[in-house]
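Contents: one structure, followed by commentary.
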Amino acid sequence: GEPRAHNQITALTDPSAIDLRSDTVTRPTPAMRLAISEAIVGDDVFGDDPSVKELEACAARMFDKHSAIFVPSGTMANLIAIMGHCDTRGSEVILGSENHIVMYEQGGIASMAGVMPRTIPTQMTPGAATPIGGIALEDIERCIRVDDQHFPITRLVCLENTHNLCGGVPLPAEYVDAVGNLCRAKGLKLHVDGARIFNASTALGVPVARLCKAADSVSVCLSKGLAAPVGSLLIGSEDFIRKARRHRKVLGGGMRQSGMLAVCGLLSLSTMTKRLGEDHANAARLAMGLAQIQGVILDPNSVQTNIVYFRLVGGRAQKAVIMLKKKGILVTAKDDHTLRACLHYMVVGESCDYAVRCVREVC
């Protein structure tokens with residue numbers, strides 16, 4: 001009776017698991033598999049792959065920017081962006097202390113790009129002038145270096161939208177505008193890590209072009225909730241993307257017949273972006289159920305997109321991960337008190353209800 005093999009894609013792979021570890025676990029849709037078999041391809045390093053060109057042009061139009069480049073991963077997209085904006089080694093980038101670039105990208109901006117991160121406390125709780133997931137404007141301004149030979153040169157500010165470690169909250173366009181205005185006034189660039197920017201757009205009811213209007217560049221992941229098997233996009237000005245192609249090559253990201261992947265990205269942008277509201281509704285459904293469990297701490301109102309963090313009063317989150325796996329529920333532990341569930345198209349509402357029952361049994 002449990003809704004485990006809840007759709008044909010999961011049934012083909014692991015019928016015993018409801019996988020809430022991340023939206024990166026999504027398999028390509030049947031339409032994507034068909035598109036791969038019929039893809040028109042060329043050599044993208046030579047600029048000859050028509051499917052890649054179409055994907056990049058589509059992304060640039062959607063974000064109202066001049067150009068885009070298709071890269072293997074979101075980590076590479078962010079690294080290339082920072083290399084492009086901070087083209088002098090020893091430059092400095094200002095970003096939030098809990099941003100993905102700082103927490104989960106292996107310090108690549110320092111080791112590979114020679115760029116120094118200067119972190120500002122990420123706003124983690126409501127009630128302040130700064131939105132959750134953002135960094136305070138006054139803190140940004142305070143951290144911009146003066147022109148002194150002892151200091152690195154501040155060149156860039158990075159934001160993350162939606163913000164993973166803040167529960168997938170979206171940053172409103174007005175806040176991004178304010179950061180962009182400050183950057184322009186101080187001669188800095190603004191990069192938005194928009195791995196889940198379409199989730200932000202869906203939650204806020206604001207087009208991605210508007211959300212990123214103030215940004216000089218934005219990275220977008222196609223292989224999270226948008227279900228492509230591989231790839232991210234980096235979007236910006238013509239000159240910025242021209243430089244990005246050189247950076248992609250030196251990082252080993254130049255791909256040949258990558259139109260096989262790009263056709264999936266086209267379906268991600270044209271089709272999968274339109275159904276993210278279903279994931280958000282399922283996340284809210286899961287959160288409402290979890291919040292009613294004794295021993296679970298969760299404010300359902302904090303869940304705004306597809307990510308659900310919940311705390312266990314008694315701790316032992318790692319043990320809970322193991323026990324839930326035995327019941328066919330896969331989640332991740334942020335720390336010993338906190339679990340994360342991430343919703344995507346391969347998880348239906350009934351599966352959320354089953355996950356709630358399993359958490360109740362474990363906790």
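Residues in the structure tokens are numbered from 1 in each chain, the chains being A, B, ... in the order shown, and ligands are numbered from 1 in the order shown.
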Report task. Mind checking which residues fall within 10 Å of Ser73 (chain A), counting only C-alpha atoms, ignoring those fewer than 3 positions away in the same chain, and posting them as a list in words? Result ->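 With the cut-off at 10 Å, the set is Phe70, Met76, Ala77, Asn78, Leu79, Ala195, Ser219, Val220, Cys221, Leu222, Ser223, Val230, Gly231, Ser232, Leu233, Leu234 and Gly253 of chain A.
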All alpha helix (DSSP H) positions in region 167-226 of chain A, as an mmCIF file with N, CA and C atoms, in the first residue's frame:
```cif
data_model
loop_
_atom_site.group_PDB
_atom_site.id
_atom_site.type_symbol
_atom_site.label_atom_id
_atom_site.label_comp_id
_atom_site.auth_asym_id
_atom_site.auth_seq_id
_atom_site.Cartn_x
_atom_site.Cartn_y
_atom_site.Cartn_z
ATOM 1 N N ALA A 173 13.272 40.489 -5.777
ATOM 2 C CA ALA A 173 13.928 41.299 -6.796
ATOM 3 C C ALA A 173 14.386 42.640 -6.246
ATOM 4 N N GLU A 174 13.597 43.213 -5.338
ATOM 5 C CA GLU A 174 13.947 44.534 -4.809
ATOM 6 C C GLU A 174 15.251 44.498 -4.015
ATOM 7 N N TYR A 175 15.483 43.400 -3.314
ATOM 8 C CA TYR A 175 16.741 43.262 -2.569
ATOM 9 C C TYR A 175 17.920 43.104 -3.539
ATOM 10 N N VAL A 176 17.754 42.265 -4.559
ATOM 11 C CA VAL A 176 18.827 42.084 -5.543
ATOM 12 C C VAL A 176 19.113 43.410 -6.243
ATOM 13 N N ASP A 177 18.066 44.170 -6.540
ATOM 14 C CA ASP A 177 18.247 45.498 -7.130
ATOM 15 C C ASP A 177 19.102 46.386 -6.232
ATOM 16 N N ALA A 178 18.800 46.373 -4.930
ATOM 17 C CA ALA A 178 19.529 47.230 -3.994
ATOM 18 C C ALA A 178 21.002 46.851 -3.934
ATOM 19 N N VAL A 179 21.283 45.547 -3.943
ATOM 20 C CA VAL A 179 22.681 45.112 -3.953
ATOM 21 C C VAL A 179 23.346 45.521 -5.262
ATOM 22 N N GLY A 180 22.624 45.352 -6.367
ATOM 23 C CA GLY A 180 23.175 45.756 -7.654
ATOM 24 C C GLY A 180 23.461 47.243 -7.734
ATOM 25 N N ASN A 181 22.578 48.052 -7.177
ATOM 26 C CA ASN A 181 22.804 49.504 -7.174
ATOM 27 C C ASN A 181 24.045 49.862 -6.364
ATOM 28 N N LEU A 182 24.216 49.193 -5.224
ATOM 29 C CA LEU A 182 25.403 49.437 -4.409
ATOM 30 C C LEU A 182 26.664 49.028 -5.161
ATOM 31 N N CYS A 183 26.609 47.886 -5.830
ATOM 32 C CA CYS A 183 27.778 47.424 -6.589
ATOM 33 C C CYS A 183 28.149 48.423 -7.680
ATOM 34 N N ARG A 184 27.161 48.895 -8.415
ATOM 35 C CA ARG A 184 27.459 49.857 -9.482
ATOM 36 C C ARG A 184 28.023 51.146 -8.923
ATOM 37 N N ALA A 185 27.495 51.599 -7.794
ATOM 38 C CA ALA A 185 27.987 52.841 -7.190
ATOM 39 C C ALA A 185 29.433 52.706 -6.737
ATOM 40 N N LYS A 186 29.827 51.496 -6.393
ATOM 41 C CA LYS A 186 31.187 51.262 -5.881
ATOM 42 C C LYS A 186 32.118 50.647 -6.923
ATOM 43 N N ILE A 197 17.186 29.263 -9.459
ATOM 44 C CA ILE A 197 16.549 30.562 -9.693
ATOM 45 C C ILE A 197 15.128 30.399 -10.216
ATOM 46 N N PHE A 198 14.835 29.310 -10.916
ATOM 47 C CA PHE A 198 13.462 29.115 -11.399
ATOM 48 C C PHE A 198 12.521 28.754 -10.257
ATOM 49 N N ASN A 199 13.043 28.152 -9.188
ATOM 50 C CA ASN A 199 12.232 27.956 -7.984
ATOM 51 C C ASN A 199 11.899 29.301 -7.358
ATOM 52 N N ALA A 200 12.879 30.208 -7.331
ATOM 53 C CA ALA A 200 12.624 31.552 -6.811
ATOM 54 C C ALA A 200 11.573 32.253 -7.653
ATOM 55 N N SER A 201 11.705 32.153 -8.962
ATOM 56 C CA SER A 201 10.751 32.787 -9.865
ATOM 57 C C SER A 201 9.339 32.258 -9.645
ATOM 58 N N THR A 202 9.221 30.945 -9.492
ATOM 59 C CA THR A 202 7.915 30.327 -9.270
ATOM 60 C C THR A 202 7.303 30.776 -7.955
ATOM 61 N N ALA A 203 8.126 30.783 -6.890
ATOM 62 C CA ALA A 203 7.616 31.151 -5.568
ATOM 63 C C ALA A 203 7.181 32.607 -5.503
ATOM 64 N N LEU A 204 7.924 33.476 -6.150
ATOM 65 C CA LEU A 204 7.652 34.908 -6.077
ATOM 66 C C LEU A 204 6.691 35.387 -7.168
ATOM 67 N N VAL A 208 12.407 35.331 -14.285
ATOM 68 C CA VAL A 208 13.833 35.261 -13.942
ATOM 69 C C VAL A 208 14.583 36.486 -14.464
ATOM 70 N N ALA A 209 14.163 37.018 -15.592
ATOM 71 C CA ALA A 209 14.839 38.209 -16.130
ATOM 72 C C ALA A 209 14.718 39.378 -15.162
ATOM 73 N N ARG A 210 13.553 39.496 -14.523
ATOM 74 C CA ARG A 210 13.372 40.571 -13.545
ATOM 75 C C ARG A 210 14.190 40.301 -12.279
ATOM 76 N N LEU A 211 14.201 39.050 -11.813
ATOM 77 C CA LEU A 211 14.951 38.725 -10.606
ATOM 78 C C LEU A 211 16.441 38.998 -10.777
#
```
Query raised in the report: Which residues come within 8 Å of His66 (chain A), counting only C-alpha atoms, excluding same-chain residues fewer than 2 positions away, as a ChimeraX atom specification?
Result: /A:60-61,64,68,235-238
Requested write-out: C-alpha atoms of the selected residues, as an mmCIF file, in the first residue's frame:
```cif
data_model
loop_
_atom_site.group_PDB
_atom_site.id
_atom_site.type_symbol
_atom_site.label_atom_id
_atom_site.label_comp_id
_atom_site.auth_asym_id
_atom_site.auth_seq_id
_atom_site.Cartn_x
_atom_site.Cartn_y
_atom_site.Cartn_z
ATOM 1 C CA ALA A 60 20.101 34.459 -22.888
ATOM 2 C CA ARG A 61 16.607 35.456 -24.080
ATOM 3 C CA ASP A 64 17.310 39.255 -21.029
ATOM 4 C CA ALA A 68 25.203 32.342 -22.333
ATOM 5 C CA ILE A 235 24.651 33.966 -18.522
ATOM 6 C CA GLY A 236 25.976 37.499 -18.935
ATOM 7 C CA SER A 237 27.317 40.064 -21.386
ATOM 8 C CA GLU A 238 28.906 39.230 -24.737
#
```
Requested in this report: Identify all residues of region 3-76 of chain A in strand (DSSP E or B) (DSSP on the backbone) and supply them as a PyMOL selection string.
Outcome: chain A and resi 18-19+67-71
Writing out the chosen residues with all heavy atoms as a tab-separated table (two decimals), in the first residue's frame:
```tsv
chain	number	residue	atom	x	y	z
A	18	ILE	N	11.95	6.29	-1.95
A	18	ILE	CA	11.45	7.64	-2.21
A	18	ILE	C	12.63	8.55	-1.89
A	18	ILE	O	13.00	8.74	-0.73
A	18	ILE	CB	10.23	7.95	-1.33
A	18	ILE	CG1	9.08	7.03	-1.71
A	18	ILE	CG2	9.83	9.41	-1.48
A	18	ILE	CD1	7.90	7.10	-0.76
A	19	ASP	N	13.24	9.08	-2.93
A	19	ASP	CA	14.54	9.74	-2.78
A	19	ASP	C	14.36	11.24	-2.59
A	19	ASP	O	14.08	11.97	-3.54
A	19	ASP	CB	15.41	9.46	-4.01
A	19	ASP	CG	16.89	9.71	-3.73
A	19	ASP	OD1	17.18	10.47	-2.79
A	19	ASP	OD2	17.72	9.14	-4.45
A	67	SER	N	24.35	36.94	-23.78
A	67	SER	CA	24.96	35.67	-24.15
A	67	SER	C	24.88	34.67	-23.00
A	67	SER	O	24.61	35.03	-21.85
A	67	SER	CB	26.44	35.87	-24.55
A	67	SER	OG	26.56	36.77	-25.62
A	68	ALA	N	25.17	33.40	-23.33
A	68	ALA	CA	25.20	32.34	-22.33
A	68	ALA	C	26.19	31.28	-22.78
A	68	ALA	O	26.53	31.19	-23.97
A	68	ALA	CB	23.82	31.73	-22.13
A	69	ILE	N	26.64	30.46	-21.83
A	69	ILE	CA	27.54	29.35	-22.13
A	69	ILE	C	27.09	28.13	-21.34
A	69	ILE	O	26.72	28.24	-20.16
A	69	ILE	CB	29.01	29.70	-21.82
A	69	ILE	CG1	29.95	28.54	-22.18
A	69	ILE	CG2	29.19	30.12	-20.36
A	69	ILE	CD1	31.42	28.89	-22.07
A	70	PHE	N	27.12	26.98	-22.00
A	70	PHE	CA	26.74	25.70	-21.40
A	70	PHE	C	27.99	25.06	-20.81
A	70	PHE	O	29.00	24.90	-21.50
A	70	PHE	CB	26.14	24.82	-22.48
A	70	PHE	CG	25.63	23.47	-22.01
A	70	PHE	CD1	24.84	23.37	-20.87
A	70	PHE	CD2	25.91	22.32	-22.72
A	70	PHE	CE1	24.36	22.13	-20.44
A	70	PHE	CE2	25.43	21.08	-22.32
A	70	PHE	CZ	24.66	20.99	-21.17
A	71	VAL	N	27.94	24.70	-19.53
A	71	VAL	CA	29.09	24.13	-18.83
A	71	VAL	C	28.65	22.84	-18.11
A	71	VAL	O	27.47	22.61	-17.89
A	71	VAL	CB	29.71	25.12	-17.82
A	71	VAL	CG1	30.14	26.39	-18.53
A	71	VAL	CG2	28.74	25.44	-16.70
```
Requested in this report: List the neighbours of Met112 (chain A) out to 10 Å using only C-alpha atoms; skip same-chain residues closer than 6 positions along the sequence, and give me the result as a list of chain:residue names.
Outcome: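 These residues fall inside the cut-off: A:Leu79, A:Ile80, A:Met83, A:Arg89, A:Leu251.
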Enumerate, in order of chain and increasing residue number, the residues of region 16-135 of chain A with an atom no farther than 10 Å from region 346-358 of chain A, each with its shortest atom pair and distance in Å to one decimal, counting only C-alpha atoms, as a Markdown table.
```
| residue | atom | partner | partner_atom | distance |
| --- | --- | --- | --- | --- |
| A:Ala17 | CA | A:Ser351 | CA | 9.9 |
| A:Ile18 | CA | A:Val347 | CA | 6.9 |
| A:Asp19 | CA | A:Val347 | CA | 7.6 |
| A:Leu20 | CA | A:Val347 | CA | 7.9 |
| A:Asp23 | CA | A:Met346 | CA | 9.0 |
| A:Val25 | CA | A:Met346 | CA | 8.9 |
| A:Thr26 | CA | A:Met346 | CA | 6.6 |
| A:Arg27 | CA | A:Met346 | CA | 8.1 |
| A:Thr29 | CA | A:Met346 | CA | 9.7 |
```
Requested in this report: Could you jot down the CA of Ala31 (chain A) to CA of Leu267 (chain A) separation for me, Å, one decimal place?
Outcome: 8.0 Å
Query raised in the report: Can you list, as a list in words, every protein, DNA or RNA residue that comes within 12 Å of Leu34 (chain A) when you count only C-alpha atoms, leaving out same-chain residues fewer than 3 positions away?
Result: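 Counting only C-alpha atoms, the residues come to Pro28, Thr29, Pro30, Ala31, Ser37, Glu38, Ala39, Met260, Leu261, Val263, Cys264 and Leu267 of chain A.
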Report summary line: Across A:Gly167, A:Gly90, A:Gln294, A:Met62, the smallest distance to His150 (chain A), with only C-alpha atoms counted, is shown by A:Gly90
Requested in this report: Fewer than 4 positions away in the same chain doesn't count, so skip those; otherwise give me all residues within 8 Å of Gly254 (chain A), counting only C-alpha atoms, as number ranges by chain.
Outcome: A: 44-45, 71, 248-249
Query - Within 12 Å of Leu188 (chain A) using only C-alpha atoms, minus same-chain residues under 2 positions, as a PyMOL selection string - result: chain A and resi 85-86+91-94+140-141+144-145+153-158+179-186+190-191+214-216
**Report entry** Length of the CA of Leu343 (chain A) to CA of Gly225 (chain A) vector [Å]
**Finding:**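 Computing the Euclidean distance for CA of Leu343 (chain A) and CA of Gly225 (chain A) yields 8.0 Å.
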